[in-house]
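Trainee: This one is structure-v9.cif, mmCIF, C-alpha atoms.
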data_structure
#
loop_
_atom_site.label_atom_id
_atom_site.label_comp_id
_atom_site.auth_asym_id
_atom_site.auth_seq_id
_atom_site.Cartn_x
_atom_site.Cartn_y
_atom_site.Cartn_z
CA MET E 1 -22.72 -8.06 6.01
CA THR E 2 -20.38 -10.07 3.79
CA ILE E 3 -19.30 -9.60 0.21
CA LEU E 4 -17.40 -11.60 -2.36
CA ILE E 5 -14.54 -10.06 -4.29
CA GLU E 6 -13.22 -11.88 -7.33
CA GLN E 7 -9.59 -11.54 -8.35
CA PRO E 8 -9.22 -13.61 -11.55
CA GLU E 9 -5.43 -13.47 -11.67
CA PHE E 10 -5.12 -14.99 -8.24
CA GLY E 11 -7.90 -17.55 -8.41
CA SER E 12 -10.64 -18.26 -5.94
CA GLN E 13 -13.25 -16.07 -4.32
CA VAL E 14 -12.98 -15.50 -0.61
CA GLU E 15 -15.44 -14.18 1.91
CA GLU E 16 -14.50 -10.81 3.31
CA LYS E 17 -16.02 -8.65 6.01
CA LYS E 18 -17.14 -5.21 4.99
CA VAL E 19 -16.89 -2.18 7.24
CA SER E 20 -19.61 0.28 6.34
CA PHE E 21 -21.36 3.43 7.50
CA ASN E 22 -24.14 5.57 6.04
CA ALA E 23 -24.10 9.18 4.90
CA ASN E 24 -25.47 10.70 8.10
CA GLU E 25 -22.60 9.12 10.03
CA LEU E 26 -19.98 11.07 8.04
CA ILE E 27 -18.38 14.44 8.76
CA LEU E 28 -15.83 16.57 6.92
CA ASP E 29 -12.40 16.04 8.50
CA GLY E 30 -9.15 17.34 7.06
CA GLY E 31 -10.68 17.68 3.60
CA PHE E 32 -12.07 14.14 3.59
CA MET E 33 -15.44 12.67 4.47
CA VAL E 34 -14.77 10.23 7.31
CA PRO E 35 -16.88 8.28 9.84
CA LYS E 36 -18.02 10.49 12.71
CA THR E 37 -16.60 8.05 15.26
CA LEU E 38 -13.23 8.18 13.49
CA SER E 39 -12.78 11.92 13.08
CA SER E 40 -9.53 13.58 14.01
CA GLN E 41 -11.09 16.13 16.36
CA ASP E 42 -9.79 14.18 19.37
CA GLU E 43 -6.70 12.71 17.76
CA ILE E 44 -3.43 12.49 19.66
CA PHE E 45 -1.13 12.11 16.66
CA GLU E 46 0.03 15.46 15.28
CA VAL E 47 1.29 15.77 11.71
CA PRO E 48 4.95 16.88 11.80
CA ASP E 49 6.25 19.59 9.50
CA ILE E 50 9.40 17.73 8.43
CA ASN E 51 10.50 14.18 7.70
CA ALA E 52 13.40 12.19 9.18
CA PHE E 53 15.83 14.17 6.98
CA GLY E 54 14.59 17.58 8.16
CA GLN E 55 12.80 18.24 4.85
CA SER E 56 9.20 18.46 3.63
CA PHE E 57 7.38 15.17 3.13
CA ARG E 58 7.25 13.71 -0.40
CA ASP E 59 9.29 16.57 -1.83
CA TYR E 60 10.82 15.03 -4.94
CA ASN E 61 12.49 18.24 -6.09
CA VAL E 62 14.65 19.24 -3.13
CA GLU E 63 18.37 18.95 -3.86
CA SER E 64 20.02 16.11 -1.92
CA GLU E 65 21.89 12.89 -2.52
CA ARG E 66 18.83 10.99 -1.30
CA GLN E 67 16.63 12.73 -3.86
CA LYS E 68 19.00 11.93 -6.70
CA SER E 69 18.80 8.22 -5.91
CA VAL E 70 15.00 8.46 -5.55
CA GLU E 71 14.65 10.07 -8.99
CA GLU E 72 16.89 7.44 -10.55
CA PHE E 73 14.71 4.79 -8.93
CA TYR E 74 11.59 6.24 -10.57
CA ARG E 75 13.29 6.54 -13.94
CA VAL E 76 14.02 2.81 -13.95
CA GLN E 77 10.63 1.91 -12.49
CA HIS E 78 8.68 3.89 -15.09
CA ILE E 79 10.59 2.28 -17.94
CA ASN E 80 10.22 -1.33 -16.75
CA GLN E 81 6.73 -1.56 -15.24
CA THR E 82 4.59 -2.65 -18.20
CA TYR E 83 1.20 -4.32 -18.57
CA ASP E 84 2.75 -7.62 -19.73
CA TYR E 85 5.40 -7.58 -17.00
CA VAL E 86 2.78 -7.23 -14.27
CA LYS E 87 0.66 -10.07 -15.67
CA LYS E 88 3.75 -12.29 -15.65
CA MET E 89 4.67 -11.40 -12.06
CA ARG E 90 1.14 -11.94 -10.76
CA LYS E 91 1.11 -15.39 -12.30
CA GLU E 92 4.50 -16.30 -10.82
CA TYR E 93 3.97 -14.98 -7.30
CA GLY E 94 0.36 -16.11 -7.24
CA LYS E 95 1.67 -19.65 -6.75
CA LEU E 96 2.56 -18.81 -3.11
CA ASN E 97 5.36 -21.37 -3.17
CA LYS E 98 8.29 -19.34 -1.79
CA ILE E 99 8.12 -20.07 1.94
CA GLU E 100 5.80 -20.64 4.91
CA MET E 101 6.12 -18.31 7.88
CA SER E 102 4.10 -16.24 10.34
CA ILE E 103 3.26 -12.56 10.05
CA TRP E 104 5.66 -11.65 12.86
CA ASP E 105 8.47 -13.67 11.28
CA CYS E 106 7.96 -11.58 8.17
CA CYS E 107 8.12 -8.36 10.20
CA GLU E 108 11.51 -9.41 11.56
CA LEU E 109 12.70 -10.38 8.09
CA LEU E 110 12.24 -6.75 7.06
CA ASN E 111 14.89 -5.60 9.53
CA ASP E 112 17.42 -5.57 6.69
CA VAL E 113 15.23 -3.74 4.19
CA VAL E 114 15.47 -0.03 3.31
CA ASP E 115 13.13 1.46 0.69
CA ASP E 116 15.18 3.30 -1.96
CA SER E 117 12.08 5.04 -3.33
CA ASP E 118 11.19 6.77 -0.06
CA PRO E 119 12.42 10.38 0.23
CA ASP E 120 11.31 10.57 3.87
CA LEU E 121 12.89 7.57 5.57
CA ASP E 122 16.02 5.47 5.55
CA GLU E 123 15.34 3.34 8.64
CA PRO E 124 14.71 -0.44 8.51
CA GLN E 125 11.11 -1.10 7.51
CA ILE E 126 10.04 -2.66 10.82
CA GLU E 127 10.53 0.79 12.38
CA HIS E 128 8.06 2.32 9.93
CA LEU E 129 5.55 -0.51 10.41
CA LEU E 130 5.46 -0.02 14.18
CA GLN E 131 5.47 3.78 13.93
CA THR E 132 2.41 3.61 11.67
CA ALA E 133 0.56 1.03 13.76
CA GLU E 134 1.22 2.77 17.07
CA ALA E 135 0.17 6.19 15.74
CA ILE E 136 -3.14 4.71 14.56
CA ARG E 137 -3.59 2.83 17.82
CA LYS E 138 -3.35 6.03 19.88
CA ASP E 139 -6.04 7.82 17.88
CA TYR E 140 -8.38 4.90 17.15
CA PRO E 141 -7.98 2.47 20.08
CA ASN E 142 -11.12 0.49 19.23
CA GLU E 143 -10.24 -0.24 15.60
CA ASP E 144 -7.84 -3.14 16.15
CA TRP E 145 -8.09 -4.24 12.52
CA LEU E 146 -6.69 -0.84 11.50
CA HIS E 147 -3.79 -1.21 13.97
CA LEU E 148 -2.88 -4.54 12.38
CA THR E 149 -3.26 -3.09 8.89
CA GLY E 150 -0.69 -0.46 9.88
CA LEU E 151 1.70 -3.19 10.99
CA ILE E 152 1.41 -5.39 7.90
CA HIS E 153 0.77 -2.94 5.07
CA ASP E 154 4.40 -3.00 3.85
CA LEU E 155 5.25 -6.65 4.50
CA GLY E 156 5.22 -7.30 0.76
CA LYS E 157 8.65 -5.64 0.68
CA VAL E 158 10.07 -9.07 1.52
CA LEU E 159 10.14 -9.42 -2.27
CA LEU E 160 13.51 -7.69 -1.94
CA HIS E 161 14.84 -10.58 0.16
CA PRO E 162 16.82 -13.40 -1.53
CA SER E 163 14.28 -15.97 -0.24
CA PHE E 164 11.67 -14.30 -2.45
CA GLY E 165 13.79 -13.89 -5.54
CA GLY E 166 15.61 -10.73 -4.50
CA LEU E 167 13.62 -8.56 -6.89
CA PRO E 168 15.07 -5.15 -7.83
CA GLN E 169 13.74 -2.15 -5.91
CA TRP E 170 11.76 -0.88 -8.91
CA ALA E 171 9.72 -4.11 -8.88
CA VAL E 172 8.85 -3.86 -5.19
CA VAL E 173 8.55 -0.30 -3.86
CA GLY E 174 7.58 3.19 -4.98
CA ASP E 175 4.27 4.79 -5.96
CA THR E 176 1.94 2.45 -7.83
CA PHE E 177 -0.13 3.26 -10.91
CA PRO E 178 -2.46 1.52 -13.37
CA LEU E 179 -1.19 -0.20 -16.51
CA GLY E 180 -3.30 -0.68 -19.61
CA CYS E 181 -4.49 2.93 -19.69
CA ALA E 182 -2.92 6.39 -19.96
CA PHE E 183 -0.27 7.39 -17.40
CA ASP E 184 -1.73 10.35 -15.52
CA GLU E 185 0.54 13.39 -15.29
CA SER E 186 0.14 13.49 -11.49
CA ILE E 187 2.34 10.38 -11.18
CA VAL E 188 5.68 11.37 -9.69
CA HIS E 189 8.45 11.85 -12.29
CA HIS E 190 5.92 11.28 -15.07
CA LYS E 191 8.45 12.38 -17.70
CA TYR E 192 10.21 8.99 -17.62
CA PHE E 193 7.16 7.13 -18.95
CA LYS E 194 8.18 8.27 -22.44
CA GLU E 195 10.64 5.35 -22.44
CA ASN E 196 8.06 2.77 -21.30
CA PRO E 197 7.22 0.29 -24.12
CA ASP E 198 3.49 0.60 -23.35
CA ILE E 199 3.61 4.19 -24.59
CA ASN E 200 3.61 2.75 -28.12
CA ASN E 201 0.28 0.94 -27.62
CA ASN E 202 -2.55 3.21 -28.75
CA ILE E 203 -5.19 1.48 -26.61
CA TYR E 204 -3.05 1.77 -23.46
CA ASN E 205 -2.79 5.52 -24.01
CA THR E 206 -6.49 6.35 -23.78
CA LYS E 207 -8.26 7.44 -20.59
CA ASN E 208 -10.03 4.11 -20.03
CA GLY E 209 -7.56 1.94 -21.91
CA VAL E 210 -8.54 -1.73 -21.68
CA TYR E 211 -11.05 -0.99 -18.89
CA GLU E 212 -14.62 0.26 -18.64
CA GLU E 213 -15.57 3.32 -16.64
CA GLY E 214 -16.71 2.30 -13.15
CA CYS E 215 -15.35 -1.23 -13.55
CA GLY E 216 -13.80 -1.24 -10.08
CA LEU E 217 -10.14 -1.06 -9.11
CA ASP E 218 -10.01 -4.83 -8.53
CA LYS E 219 -10.30 -5.17 -12.31
CA VAL E 220 -7.39 -2.78 -12.95
CA VAL E 221 -3.83 -4.06 -13.45
CA MET E 222 -1.60 -2.04 -11.10
CA SER E 223 2.18 -1.77 -11.27
CA TRP E 224 3.72 -4.79 -9.55
CA GLY E 225 5.11 -4.40 -6.07
CA HIS E 226 4.74 -4.96 -2.36
CA ASP E 227 1.19 -3.59 -2.21
CA ASP E 228 -0.38 -6.09 -4.58
CA TYR E 229 1.76 -8.93 -3.24
CA MET E 230 0.72 -8.39 0.39
CA TYR E 231 -2.90 -8.09 -0.70
CA LEU E 232 -2.52 -11.45 -2.42
CA ILE E 233 -0.90 -13.02 0.66
CA ALA E 234 -3.65 -11.82 2.98
CA LYS E 235 -6.49 -12.77 0.64
CA GLU E 236 -5.26 -16.22 -0.37
CA ASN E 237 -4.37 -17.13 3.22
CA LYS E 238 -7.98 -16.30 4.12
CA THR E 239 -7.48 -13.44 6.54
CA THR E 240 -10.58 -12.32 8.43
CA LEU E 241 -9.61 -8.65 8.14
CA PRO E 242 -12.42 -6.50 6.65
CA SER E 243 -12.38 -5.60 2.97
CA ALA E 244 -11.41 -2.03 3.88
CA ALA E 245 -8.12 -3.38 5.28
CA LEU E 246 -7.37 -5.24 2.05
CA PHE E 247 -8.16 -2.09 0.07
CA VAL E 248 -5.74 -0.07 2.20
CA ILE E 249 -3.00 -2.68 1.80
CA ARG E 250 -3.44 -2.87 -1.95
CA TYR E 251 -3.71 0.84 -2.78
CA HIS E 252 -1.76 2.68 -0.06
CA SER E 253 1.00 3.58 -2.57
CA PHE E 254 -1.48 4.67 -5.26
CA TYR E 255 -0.78 8.36 -4.65
CA ALA E 256 -2.12 9.51 -8.01
CA LEU E 257 -5.52 8.40 -6.70
CA HIS E 258 -5.57 9.43 -3.07
CA ARG E 259 -3.47 12.59 -3.37
CA SER E 260 -4.41 13.85 -6.84
CA GLY E 261 -7.82 12.30 -7.50
CA ALA E 262 -6.70 10.64 -10.72
CA TYR E 263 -8.35 7.45 -12.02
CA THR E 264 -11.52 7.92 -9.97
CA HIS E 265 -13.47 7.18 -13.15
CA LEU E 266 -12.44 3.53 -12.78
CA MET E 267 -13.76 3.19 -9.22
CA ASN E 268 -17.01 1.45 -8.31
CA GLU E 269 -19.21 2.11 -5.26
CA GLU E 270 -17.31 -0.29 -3.01
CA ASP E 271 -14.03 1.44 -3.89
CA LYS E 272 -15.53 4.81 -2.95
CA GLU E 273 -16.66 3.42 0.39
CA ASN E 274 -13.26 1.92 1.17
CA MET E 275 -11.51 5.08 -0.02
CA LYS E 276 -12.65 6.80 3.18
CA TRP E 277 -10.55 4.38 5.18
CA LEU E 278 -7.55 4.79 2.91
CA ASN E 279 -7.70 8.56 3.42
CA ILE E 280 -7.67 8.01 7.17
CA PHE E 281 -4.80 5.54 6.98
CA ASN E 282 -2.65 7.59 4.62
CA LYS E 283 -1.87 10.30 7.15
CA TYR E 284 -0.34 7.76 9.51
CA ASP E 285 1.53 5.91 6.77
CA LEU E 286 3.13 9.09 5.47
CA TYR E 287 3.57 11.37 8.46
CA SER E 288 4.54 8.88 11.19
CA LYS E 289 8.00 8.49 9.61
CA SER E 290 10.40 9.95 12.14
CA LYS E 291 13.42 9.22 14.30
CA VAL E 292 11.16 8.29 17.25
CA ARG E 293 11.97 4.69 18.15
CA ILE E 294 9.39 2.11 19.19
CA ASP E 295 10.05 -0.38 22.00
CA VAL E 296 9.45 -3.54 19.98
CA GLU E 297 9.37 -5.95 22.91
CA LYS E 298 6.87 -3.78 24.76
CA VAL E 299 4.30 -3.69 21.94
CA LYS E 300 4.97 -7.16 20.51
CA PRO E 301 2.44 -9.09 22.69
CA TYR E 302 -0.39 -6.81 21.57
CA TYR E 303 0.33 -7.26 17.87
CA LEU E 304 0.82 -11.01 18.27
CA SER E 305 -2.71 -11.16 19.69
CA LEU E 306 -4.07 -9.31 16.65
CA ILE E 307 -2.18 -11.57 14.27
CA GLU E 308 -3.70 -14.60 15.99
CA LYS E 309 -7.16 -13.04 15.71
CA TYR E 310 -7.03 -12.24 12.00
CA PHE E 311 -4.53 -14.69 10.44
CA PRO E 312 -3.57 -18.37 10.55
CA THR E 313 -0.39 -19.27 12.44
CA LYS E 314 1.59 -19.93 9.26
CA LEU E 315 1.00 -18.30 5.89
CA ARG E 316 2.03 -19.35 2.40
CA TRP E 317 4.14 -16.68 0.75
#
Hey, can you dump this file as structure tokens for me?
Mentor:
Amino acid sequence: MTILIEQPEFGSQVEEKKVSFNANELILDGGFMVPKTLSSQDEIFEVPDINAFGQSFRDYNVESERQKSVEEFYRVQHINQTYDYVKKMRKEYGKLNKIEMSIWDCCELLNDVVDDSDPDLDEPQIEHLLQTAEAIRKDYPNEDWLHLTGLIHDLGKVLLHPSFGGLPQWAVVGDTFPLGCAFDESIVHHKYFKENPDINNNIYNTKNGVYEEGCGLDKVVMSWGHDDYMYLIAKENKTTLPSAALFVIRYHSFYALHRSGAYTHLMNEEDKENMKWLNIFNKYDLYSKSKVRIDVEKVKPYYLSLIEKYFPTKLRW
């Protein structure tokens, strides 16, 4: 089955594969309804108790130098990410005129990137990409599209690189959230939104804002960053990854949704279907961050084969 998803800001419609399953194929797993064939009952990956710093995952209150810099990051992000700013950035980066390179070239470009918003990791991003992909691969060996999604989900962080404009961290990383409607209190460090200019727009401060209930997340303007940018890159370069993969890439940092259940009133039926895959993916994205190193040269041939299967040789970025 194929579907068409329209993204007005970025132009044309593209054909995307849809991964689907019916209700009698679902079971309750870890608090989420997931496909029976993808349950965690036989999983190899075990969720660790602590992150790479020896602390609880996503603990934004623990006292540490790392946490102080993370909070300062969110203060600046919450002030500067506005509805108009995002529309401007989507228009600019939607031109895809920065560079042409392969997916693997982009992975290597991230060697110099560290995410200042992440309280759990301070390793170069390629380490996290491979940790995520390999953890998924062990548990779901037959879902090669999900392995590749794990590898590429953070490639949009190249926006931090000088070749892509060297955007500030607050414009690239961190939790994402909708603009054009009320800021939900579940968003990390919510208190700093009081200095966001959008707080003065009465329409933007209602539950639905400029949207209609059930409109679908593809109609919602999200804070600008690596998630939306990588979604754009994959979509406009006509990847053959299923729509669930694009959903994961685009919303994997939308923690207010997949951790707190906020903004579900804006989702449509396709979003709810794809949400099952995001819930599966999220465990590996979050909890695979550790000091365990991956032998890059050993796994590289496998991921190159997946890149060749689902992407063109060179992509416009």
Trainee: Quick one: of E:Glu72, E:Asp175, E:Asp139, E:Glu308, who's nearest to Ser102 (chain E), counting all atoms listed in the file?
Mentor: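 Distance minimum relative to Ser102 (chain E) lands on E:Glu308.
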Trainee: I'd like the residues picked by the PyMOL selection byres ((chain E and resi 259-264) around 12) written out as a PyMOL selection string, using the chain letters and numbers from the file.
Mentor: chain E and resi 31-32+58+175+177-179+181-188+206-209+211-217+220+222+251-258+265-269+271-272+275+278-279+282-283+286
Trainee: With C-alpha atoms retained, could you export that selection as a short mmCIF file (atom, residue, chain, number, x, y, z; two decimals), in the coordinates of the input?
Mentor:
data_model
loop_
_atom_site.label_atom_id
_atom_site.label_comp_id
_atom_site.auth_asym_id
_atom_site.auth_seq_id
_atom_site.Cartn_x
_atom_site.Cartn_y
_atom_site.Cartn_z
CA GLY E 31 -10.68 17.68 3.60
CA PHE E 32 -12.07 14.14 3.59
CA ARG E 58 7.25 13.71 -0.40
CA ASP E 175 4.27 4.79 -5.96
CA PHE E 177 -0.13 3.26 -10.91
CA PRO E 178 -2.46 1.52 -13.37
CA LEU E 179 -1.19 -0.20 -16.51
CA CYS E 181 -4.49 2.93 -19.69
CA ALA E 182 -2.92 6.39 -19.96
CA PHE E 183 -0.27 7.39 -17.40
CA ASP E 184 -1.73 10.35 -15.52
CA GLU E 185 0.54 13.39 -15.29
CA SER E 186 0.14 13.49 -11.49
CA ILE E 187 2.34 10.38 -11.18
CA VAL E 188 5.68 11.37 -9.69
CA THR E 206 -6.49 6.35 -23.78
CA LYS E 207 -8.26 7.44 -20.59
CA ASN E 208 -10.03 4.11 -20.03
CA GLY E 209 -7.56 1.94 -21.91
CA TYR E 211 -11.05 -0.99 -18.89
CA GLU E 212 -14.62 0.26 -18.64
CA GLU E 213 -15.57 3.32 -16.64
CA GLY E 214 -16.71 2.30 -13.15
CA CYS E 215 -15.35 -1.23 -13.55
CA GLY E 216 -13.80 -1.24 -10.08
CA LEU E 217 -10.14 -1.06 -9.11
CA VAL E 220 -7.39 -2.78 -12.95
CA MET E 222 -1.60 -2.04 -11.10
CA TYR E 251 -3.71 0.84 -2.78
CA HIS E 252 -1.76 2.68 -0.06
CA SER E 253 1.00 3.58 -2.57
CA PHE E 254 -1.48 4.67 -5.26
CA TYR E 255 -0.78 8.36 -4.65
CA ALA E 256 -2.12 9.51 -8.01
CA LEU E 257 -5.52 8.40 -6.70
CA HIS E 258 -5.57 9.43 -3.07
CA HIS E 265 -13.47 7.18 -13.15
CA LEU E 266 -12.44 3.53 -12.78
CA MET E 267 -13.76 3.19 -9.22
CA ASN E 268 -17.01 1.45 -8.31
CA GLU E 269 -19.21 2.11 -5.26
CA ASP E 271 -14.03 1.44 -3.89
CA LYS E 272 -15.53 4.81 -2.95
CA MET E 275 -11.51 5.08 -0.02
CA LEU E 278 -7.55 4.79 2.91
CA ASN E 279 -7.70 8.56 3.42
CA ASN E 282 -2.65 7.59 4.62
CA LYS E 283 -1.87 10.30 7.15
CA LEU E 286 3.13 9.09 5.47
#
Trainee: Between E:Phe247, E:Phe164, E:Trp170, E:Tyr310, which is the closest to Trp224 (chain E) once you count all atoms listed in the file?
Mentor: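 That would be E:Trp170, the residue with the smallest distance to Trp224 (chain E).
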Trainee: Would you compute the distance between CA of Tyr204 (chain E) and CA of Tyr83 (chain E)? Give it in Å to one decimal.
Mentor: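 These atoms are spaced 8.9 Å apart.
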Trainee: Residues within 12 Å of (5.1, -15.6, -10.3), file coordinates, counting all atoms listed in the file: what are they? Give the list as a ChimeraX atom specification.
Mentor: /E:9-10,85-98,159,164-165,167,224-225,229,232,317
Trainee: Kindly list the centre and edge lengths in Å, rounded to one decimal, for the axis-aligned box that covers all listed atoms of region 130-134 of chain E plus 5 Å on each of its six sides, as JSON.
Mentor:
{"center_x": 3.0, "center_y": 1.9, "center_z": 14.4, "size_x": 14.9, "size_y": 13.8, "size_z": 15.4}
